[in-house]
Each structure stands twice: as C-alpha cells, then as structure tokens.
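Colleague: For reference, the file target.txt (compact mmCIF, N, CA, C and O atoms) is included below:
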# COMPACT_ATOMS: atom_id res chain seq x y z
N MET A 3 118.33 106.09 79.60
CA MET A 3 117.14 106.88 79.64
C MET A 3 116.97 107.71 78.37
O MET A 3 115.86 107.86 77.91
N ASP A 4 118.07 108.26 77.89
CA ASP A 4 117.99 109.14 76.74
C ASP A 4 117.44 108.43 75.49
O ASP A 4 116.88 109.08 74.61
N LEU A 5 117.61 107.12 75.43
CA LEU A 5 117.09 106.38 74.28
C LEU A 5 115.58 106.21 74.34
O LEU A 5 114.93 106.04 73.32
N VAL A 6 115.02 106.27 75.52
CA VAL A 6 113.58 106.09 75.70
C VAL A 6 112.87 107.42 75.85
O VAL A 6 111.79 107.62 75.31
N ILE A 7 113.49 108.35 76.57
CA ILE A 7 112.88 109.66 76.82
C ILE A 7 113.72 110.70 76.11
O ILE A 7 114.89 110.91 76.43
N SER A 8 113.12 111.35 75.12
CA SER A 8 113.88 112.28 74.29
C SER A 8 114.20 113.60 75.00
O SER A 8 115.21 114.23 74.71
N ASP A 9 113.38 114.01 75.94
CA ASP A 9 113.61 115.24 76.68
C ASP A 9 114.65 114.98 77.78
O ASP A 9 114.43 114.21 78.70
N ARG A 10 115.80 115.63 77.65
CA ARG A 10 116.92 115.38 78.57
C ARG A 10 116.57 115.67 80.03
O ARG A 10 116.97 114.93 80.93
N ALA A 11 115.84 116.73 80.27
CA ALA A 11 115.48 117.09 81.65
C ALA A 11 114.61 116.00 82.27
O ALA A 11 114.84 115.59 83.41
N ARG A 12 113.63 115.52 81.53
CA ARG A 12 112.78 114.44 82.06
C ARG A 12 113.57 113.16 82.22
O ARG A 12 113.39 112.41 83.18
N ALA A 13 114.47 112.89 81.28
CA ALA A 13 115.29 111.68 81.36
C ALA A 13 116.15 111.70 82.62
O ALA A 13 116.26 110.69 83.32
N LYS A 14 116.74 112.86 82.93
CA LYS A 14 117.55 112.98 84.15
C LYS A 14 116.70 112.79 85.40
O LYS A 14 117.12 112.15 86.36
N LYS A 15 115.51 113.37 85.39
CA LYS A 15 114.61 113.23 86.53
C LYS A 15 114.23 111.77 86.74
O LYS A 15 114.27 111.26 87.86
N VAL A 16 113.89 111.08 85.66
CA VAL A 16 113.51 109.67 85.74
C VAL A 16 114.69 108.84 86.24
O VAL A 16 114.53 107.96 87.10
N GLN A 17 115.86 109.12 85.74
CA GLN A 17 117.05 108.40 86.19
C GLN A 17 117.29 108.62 87.68
O GLN A 17 117.58 107.68 88.42
N ARG A 18 117.10 109.85 88.14
CA ARG A 18 117.25 110.16 89.57
C ARG A 18 116.21 109.41 90.40
O ARG A 18 116.53 108.86 91.46
N LEU A 19 114.99 109.34 89.90
CA LEU A 19 113.93 108.63 90.63
C LEU A 19 114.24 107.14 90.74
O LEU A 19 114.07 106.53 91.80
N TYR A 20 114.70 106.54 89.64
CA TYR A 20 115.05 105.12 89.69
C TYR A 20 116.22 104.88 90.65
O TYR A 20 116.24 103.89 91.39
N ALA A 21 117.19 105.78 90.66
CA ALA A 21 118.32 105.65 91.59
C ALA A 21 117.84 105.78 93.04
O ALA A 21 118.30 105.05 93.92
N GLU A 22 116.89 106.66 93.27
CA GLU A 22 116.35 106.84 94.62
C GLU A 22 115.59 105.59 95.06
O GLU A 22 115.70 105.17 96.22
N ILE A 23 114.85 104.98 94.15
CA ILE A 23 114.15 103.73 94.46
C ILE A 23 115.15 102.64 94.81
O ILE A 23 114.98 101.91 95.80
N GLU A 24 116.19 102.53 94.02
CA GLU A 24 117.22 101.50 94.29
C GLU A 24 117.87 101.72 95.65
O GLU A 24 118.05 100.78 96.43
N GLU A 25 118.22 102.96 95.96
CA GLU A 25 118.84 103.28 97.25
C GLU A 25 117.88 102.99 98.40
O GLU A 25 118.28 102.44 99.43
N LEU A 26 116.62 103.32 98.22
CA LEU A 26 115.61 103.05 99.24
C LEU A 26 115.54 101.56 99.55
O LEU A 26 115.52 101.15 100.72
N MET A 27 115.53 100.74 98.52
CA MET A 27 115.46 99.29 98.72
C MET A 27 116.70 98.77 99.45
O MET A 27 116.60 97.92 100.33
N LEU A 28 117.86 99.29 99.10
CA LEU A 28 119.10 98.85 99.77
C LEU A 28 119.10 99.23 101.25
O LEU A 28 119.47 98.43 102.10
N VAL A 29 118.67 100.44 101.55
CA VAL A 29 118.63 100.90 102.94
C VAL A 29 117.68 100.03 103.76
O VAL A 29 118.00 99.61 104.87
N VAL A 30 116.52 99.73 103.20
CA VAL A 30 115.54 98.90 103.91
C VAL A 30 116.09 97.50 104.14
O VAL A 30 115.98 96.95 105.24
N LYS A 31 116.69 96.91 103.11
CA LYS A 31 117.22 95.55 103.25
C LYS A 31 118.34 95.50 104.29
O LYS A 31 118.42 94.57 105.09
N ARG A 32 119.21 96.52 104.29
CA ARG A 32 120.30 96.55 105.27
C ARG A 32 119.76 96.68 106.70
O ARG A 32 120.22 96.01 107.61
N ALA A 33 118.78 97.57 106.86
CA ALA A 33 118.21 97.78 108.19
C ALA A 33 117.50 96.52 108.68
O ALA A 33 117.66 96.12 109.84
N THR A 34 116.75 95.90 107.80
CA THR A 34 116.05 94.67 108.17
C THR A 34 117.04 93.58 108.53
O THR A 34 116.88 92.89 109.55
N ALA A 35 118.06 93.42 107.72
CA ALA A 35 119.07 92.40 107.99
C ALA A 35 119.75 92.66 109.34
O ALA A 35 119.97 91.73 110.12
N GLY A 36 120.07 93.90 109.61
CA GLY A 36 120.71 94.25 110.88
C GLY A 36 119.85 93.90 112.08
O GLY A 36 120.33 93.33 113.07
N GLU A 37 118.57 94.21 111.99
CA GLU A 37 117.66 93.90 113.10
C GLU A 37 117.48 92.39 113.25
O GLU A 37 117.42 91.88 114.37
N LEU A 38 117.42 91.68 112.14
CA LEU A 38 117.27 90.22 112.21
C LEU A 38 118.51 89.56 112.80
O LEU A 38 118.41 88.59 113.56
N VAL A 39 119.68 90.10 112.47
CA VAL A 39 120.92 89.57 113.05
C VAL A 39 120.90 89.78 114.56
O VAL A 39 121.25 88.88 115.33
N LYS A 40 120.48 90.97 114.99
CA LYS A 40 120.40 91.24 116.43
C LYS A 40 119.46 90.24 117.11
O LYS A 40 119.75 89.75 118.20
N LEU A 41 118.33 89.96 116.48
CA LEU A 41 117.37 89.02 117.06
C LEU A 41 117.92 87.59 117.05
O LEU A 41 117.55 86.79 117.90
N GLY A 42 118.78 87.29 116.11
CA GLY A 42 119.32 85.94 115.99
C GLY A 42 120.36 85.60 117.04
O GLY A 42 120.63 84.43 117.28
N HIS A 43 120.96 86.61 117.63
CA HIS A 43 121.94 86.35 118.68
C HIS A 43 121.25 85.78 119.92
O HIS A 43 120.20 86.25 120.34
N ASP A 44 121.86 84.76 120.44
CA ASP A 44 121.31 84.14 121.65
C ASP A 44 121.42 85.12 122.81
O ASP A 44 122.51 85.53 123.18
N ASN A 45 120.27 85.52 123.31
CA ASN A 45 120.24 86.46 124.42
C ASN A 45 119.15 85.99 125.40
O ASN A 45 117.99 86.34 125.25
N PRO A 46 119.54 85.20 126.39
CA PRO A 46 118.54 84.67 127.32
C PRO A 46 117.84 85.76 128.15
O PRO A 46 116.79 85.52 128.72
N MET A 47 118.40 86.95 128.16
CA MET A 47 117.80 88.04 128.94
C MET A 47 116.75 88.83 128.16
O MET A 47 116.05 89.66 128.72
N ARG A 48 116.64 88.58 126.83
CA ARG A 48 115.70 89.32 126.00
C ARG A 48 114.27 88.89 126.38
O ARG A 48 113.95 87.72 126.43
N THR A 49 113.45 89.88 126.57
CA THR A 49 112.05 89.59 126.91
C THR A 49 111.22 89.49 125.64
O THR A 49 111.65 89.94 124.56
N ASP A 50 110.02 88.94 125.78
CA ASP A 50 109.10 88.90 124.64
C ASP A 50 108.77 90.31 124.16
O ASP A 50 108.65 90.56 122.96
N ALA A 51 108.63 91.23 125.09
CA ALA A 51 108.33 92.62 124.74
C ALA A 51 109.45 93.23 123.90
O ALA A 51 109.20 93.97 122.94
N GLU A 52 110.69 92.93 124.25
CA GLU A 52 111.83 93.44 123.47
C GLU A 52 111.84 92.83 122.07
O GLU A 52 112.13 93.53 121.08
N THR A 53 111.52 91.56 121.98
CA THR A 53 111.46 90.91 120.66
C THR A 53 110.35 91.53 119.82
O THR A 53 110.56 91.85 118.65
N ARG A 54 109.18 91.71 120.41
CA ARG A 54 108.07 92.33 119.69
C ARG A 54 108.42 93.75 119.25
O ARG A 54 108.10 94.18 118.15
N ALA A 55 109.12 94.48 120.10
CA ALA A 55 109.52 95.86 119.77
C ALA A 55 110.47 95.87 118.58
O ALA A 55 110.35 96.73 117.69
N ALA A 56 111.39 94.93 118.54
CA ALA A 56 112.33 94.86 117.41
C ALA A 56 111.61 94.51 116.12
O ALA A 56 111.87 95.10 115.06
N VAL A 57 110.68 93.57 116.19
CA VAL A 57 109.91 93.19 115.01
C VAL A 57 109.03 94.35 114.55
O VAL A 57 108.92 94.63 113.35
N THR A 58 108.44 95.05 115.49
CA THR A 58 107.62 96.23 115.16
C THR A 58 108.46 97.30 114.48
O THR A 58 108.01 97.94 113.52
N LYS A 59 109.67 97.49 114.96
CA LYS A 59 110.58 98.48 114.35
C LYS A 59 110.85 98.14 112.89
O LYS A 59 110.80 99.01 112.02
N VAL A 60 111.09 96.87 112.59
CA VAL A 60 111.33 96.44 111.22
C VAL A 60 110.07 96.66 110.38
O VAL A 60 110.13 97.19 109.27
N ARG A 61 108.94 96.23 110.91
CA ARG A 61 107.68 96.38 110.17
C ARG A 61 107.38 97.85 109.89
O ARG A 61 107.00 98.22 108.77
N ASP A 62 107.55 98.71 110.87
CA ASP A 62 107.29 100.14 110.68
C ASP A 62 108.21 100.74 109.63
O ASP A 62 107.78 101.57 108.81
N ALA A 63 109.46 100.35 109.64
CA ALA A 63 110.41 100.83 108.63
C ALA A 63 110.01 100.34 107.24
O ALA A 63 110.09 101.09 106.26
N ASP A 64 109.56 99.10 107.15
CA ASP A 64 109.11 98.56 105.87
C ASP A 64 107.89 99.31 105.34
O ASP A 64 107.81 99.63 104.16
N VAL A 65 106.95 99.60 106.22
CA VAL A 65 105.74 100.33 105.83
C VAL A 65 106.10 101.74 105.35
O VAL A 65 105.62 102.20 104.31
N ALA A 66 106.98 102.41 106.08
CA ALA A 66 107.40 103.76 105.68
C ALA A 66 108.11 103.73 104.33
O ALA A 66 107.88 104.59 103.47
N ALA A 67 108.97 102.74 104.13
CA ALA A 67 109.68 102.62 102.85
C ALA A 67 108.72 102.31 101.72
O ALA A 67 108.86 102.85 100.61
N PHE A 68 107.73 101.48 101.99
CA PHE A 68 106.75 101.15 100.95
C PHE A 68 105.95 102.39 100.55
O PHE A 68 105.71 102.63 99.36
N ARG A 69 105.60 103.20 101.52
CA ARG A 69 104.88 104.45 101.22
C ARG A 69 105.75 105.38 100.38
O ARG A 69 105.27 106.01 99.43
N ARG A 70 107.02 105.47 100.72
CA ARG A 70 107.95 106.30 99.93
C ARG A 70 108.09 105.74 98.51
O ARG A 70 108.11 106.48 97.54
N TYR A 71 108.16 104.41 98.40
CA TYR A 71 108.26 103.75 97.10
C TYR A 71 107.03 104.09 96.24
O TYR A 71 107.17 104.40 95.05
N ILE A 72 105.86 104.04 96.83
CA ILE A 72 104.64 104.38 96.09
C ILE A 72 104.71 105.81 95.58
O ILE A 72 104.39 106.09 94.42
N GLY A 73 105.16 106.72 96.44
CA GLY A 73 105.30 108.11 96.02
C GLY A 73 106.27 108.28 94.87
O GLY A 73 106.01 109.03 93.92
N LEU A 74 107.39 107.57 94.93
CA LEU A 74 108.37 107.64 93.84
C LEU A 74 107.80 107.06 92.55
O LEU A 74 108.01 107.62 91.46
N GLN A 75 107.07 105.96 92.65
CA GLN A 75 106.46 105.37 91.46
C GLN A 75 105.43 106.32 90.84
O GLN A 75 105.34 106.44 89.63
N MET A 76 104.67 106.98 91.68
CA MET A 76 103.68 107.94 91.16
C MET A 76 104.38 109.09 90.45
O MET A 76 103.94 109.54 89.39
N GLU A 77 105.48 109.55 91.03
CA GLU A 77 106.24 110.62 90.39
C GLU A 77 106.83 110.16 89.06
O GLU A 77 106.85 110.90 88.07
N LEU A 78 107.28 108.90 89.00
CA LEU A 78 107.77 108.34 87.74
C LEU A 78 106.69 108.36 86.67
O LEU A 78 106.93 108.76 85.53
N ARG A 79 105.51 107.94 87.05
CA ARG A 79 104.41 107.89 86.09
C ARG A 79 104.01 109.28 85.60
O ARG A 79 103.61 109.44 84.46
N ARG A 80 104.13 110.27 86.47
CA ARG A 80 103.84 111.64 86.05
C ARG A 80 104.95 112.19 85.15
O ARG A 80 104.72 113.12 84.38
N SER A 81 106.14 111.63 85.25
CA SER A 81 107.29 112.14 84.50
C SER A 81 107.43 111.51 83.12
O SER A 81 108.25 111.96 82.32
N MET A 82 106.66 110.46 82.86
CA MET A 82 106.75 109.75 81.57
C MET A 82 105.36 109.54 81.00
O MET A 82 104.39 109.44 81.75
N ASN A 83 105.32 109.40 79.68
CA ASN A 83 104.05 109.00 79.09
C ASN A 83 103.96 107.48 79.13
O ASN A 83 104.94 106.79 79.46
N ALA A 84 102.81 106.94 78.79
CA ALA A 84 102.57 105.50 78.91
C ALA A 84 103.54 104.69 78.04
O ALA A 84 104.03 103.63 78.46
N GLU A 85 103.85 105.18 76.86
CA GLU A 85 104.76 104.47 75.95
C GLU A 85 106.17 104.41 76.54
O GLU A 85 106.82 103.36 76.53
N GLU A 86 106.64 105.53 77.07
CA GLU A 86 107.98 105.57 77.68
C GLU A 86 108.05 104.63 78.88
O GLU A 86 109.01 103.89 79.05
N PHE A 87 107.01 104.68 79.71
CA PHE A 87 107.00 103.82 80.89
C PHE A 87 107.02 102.35 80.49
O PHE A 87 107.76 101.54 81.07
N ALA A 88 106.23 101.99 79.48
CA ALA A 88 106.19 100.60 79.01
C ALA A 88 107.55 100.15 78.47
O ALA A 88 108.00 99.04 78.72
N LYS A 89 108.22 101.03 77.73
CA LYS A 89 109.55 100.69 77.20
C LYS A 89 110.56 100.45 78.33
O LYS A 89 111.31 99.47 78.30
N LEU A 90 110.56 101.33 79.32
CA LEU A 90 111.49 101.15 80.43
C LEU A 90 111.13 99.92 81.25
O LEU A 90 112.01 99.20 81.72
N ASP A 91 109.85 99.66 81.42
CA ASP A 91 109.42 98.50 82.18
C ASP A 91 109.85 97.21 81.47
O ASP A 91 110.23 96.25 82.12
N ALA A 92 109.82 97.20 80.15
CA ALA A 92 110.20 96.03 79.38
C ALA A 92 111.71 95.74 79.48
O ALA A 92 112.14 94.59 79.37
N ILE A 93 112.50 96.78 79.71
CA ILE A 93 113.96 96.64 79.77
C ILE A 93 114.38 95.86 81.01
O ILE A 93 115.27 95.04 80.96
N LYS A 94 113.74 96.10 82.13
CA LYS A 94 114.18 95.44 83.37
C LYS A 94 113.75 94.04 83.35
O LYS A 94 114.20 93.06 83.41
Here is the file; what I need is its structure written in the form of structure tokens.

Modeller:
Amino acid sequence: MDLVISDRARAKKVQRLYAEIEELMLVVKRATAGELVKLGHDNPMRTDAETRAAVTKVRDADVAAFRRYIGLQMELRRSMNAEEFAKLDAIK
C-alpha cells in the first residue's frame, strides 16, 4: 500500500479495508459451504419447508454480506483518489 498511497494513515486504512473484504468473503464462503453440506446429507425426514428455510438462510447471509461489501468498497473509494484506486486495481 505504501508504494501506491503516500499517506501512511490512508494506506493503513485501505489495507485494513481490503483485509476486512477478504475476511468477509471467507466467512460467507464457509457459511455457505456448511449449509450446503448439511443439505447434502441424506435426511429422509427433512421437509420441503426445512430445505427452503436452509436455502433462504444462505441467500439472506449472501445478501447481507454483499451489502457490507458495497459499503466497504465505497469506503475504499473515499479513502483513495482515482489514480491510487486504478493502480491498486491493476495489481490484483
């Protein structure tokens, strides 16, 4: 970050935001995988309503995470100028 953003305080903030985005994605993927594994187990007693509830739980978590991701991206854009953002975007 320090090579792209000369202000150390902003560089640390941007680094923290990117780390938070990465952690958010990992948490969502783990939760989704866990719910899908539960659904994959053969359970003849599971009702359609229970299956729909599990799928709804995953979808709701995904929507909440996406909203948080949007907020983090907006904060990133406020923390960098267009040139800095373009440089960091080119790196990934």

Colleague: Pick out the closest residue to Glu85 of chain A from this set: A:Leu28, A:Ile7, A:Ala21, A:Ala51. Count only C-alpha atoms.

Modeller: A:Ile7

Colleague: Choose the residue, out of A:Arg10, A:Arg48, A:Lys59, A:Arg18, that has the smallest atom-to-atom separation from Ala33 of chain A; count only N, CA, C and O atoms.

Modeller: A:Lys59

Colleague: Excluding Ser81 of chain A and any residue of its chain fewer than 6 positions from it, enumerate the residues within 8 Å of it, using only C-alpha atoms, and give them as a PyMOL selection string.

Modeller: chain A and resi 12+15-16

Colleague: For atom CA of Ala13 of chain A and atom CA of Leu26 of chain A, quote the distance in Å rounded to one decimal.

Modeller: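 For atom CA of Ala13 of chain A relative to atom CA of Leu26 of chain A, the distance reads 19.9 Å.
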
Colleague: Find the distance between atom C of Leu90 of chain A and atom O of Arg61 of chain A and write it in Å to one decimal.

Modeller: 27.9 Å

Colleague: Between A:Glu37, A:Ile23, A:Pro46, A:Ile93, single out the one closest to Phe68 of chain A, counting only C-alpha atoms.

Modeller: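 Of all the options, A:Ile23 lies closest to Phe68 of chain A.
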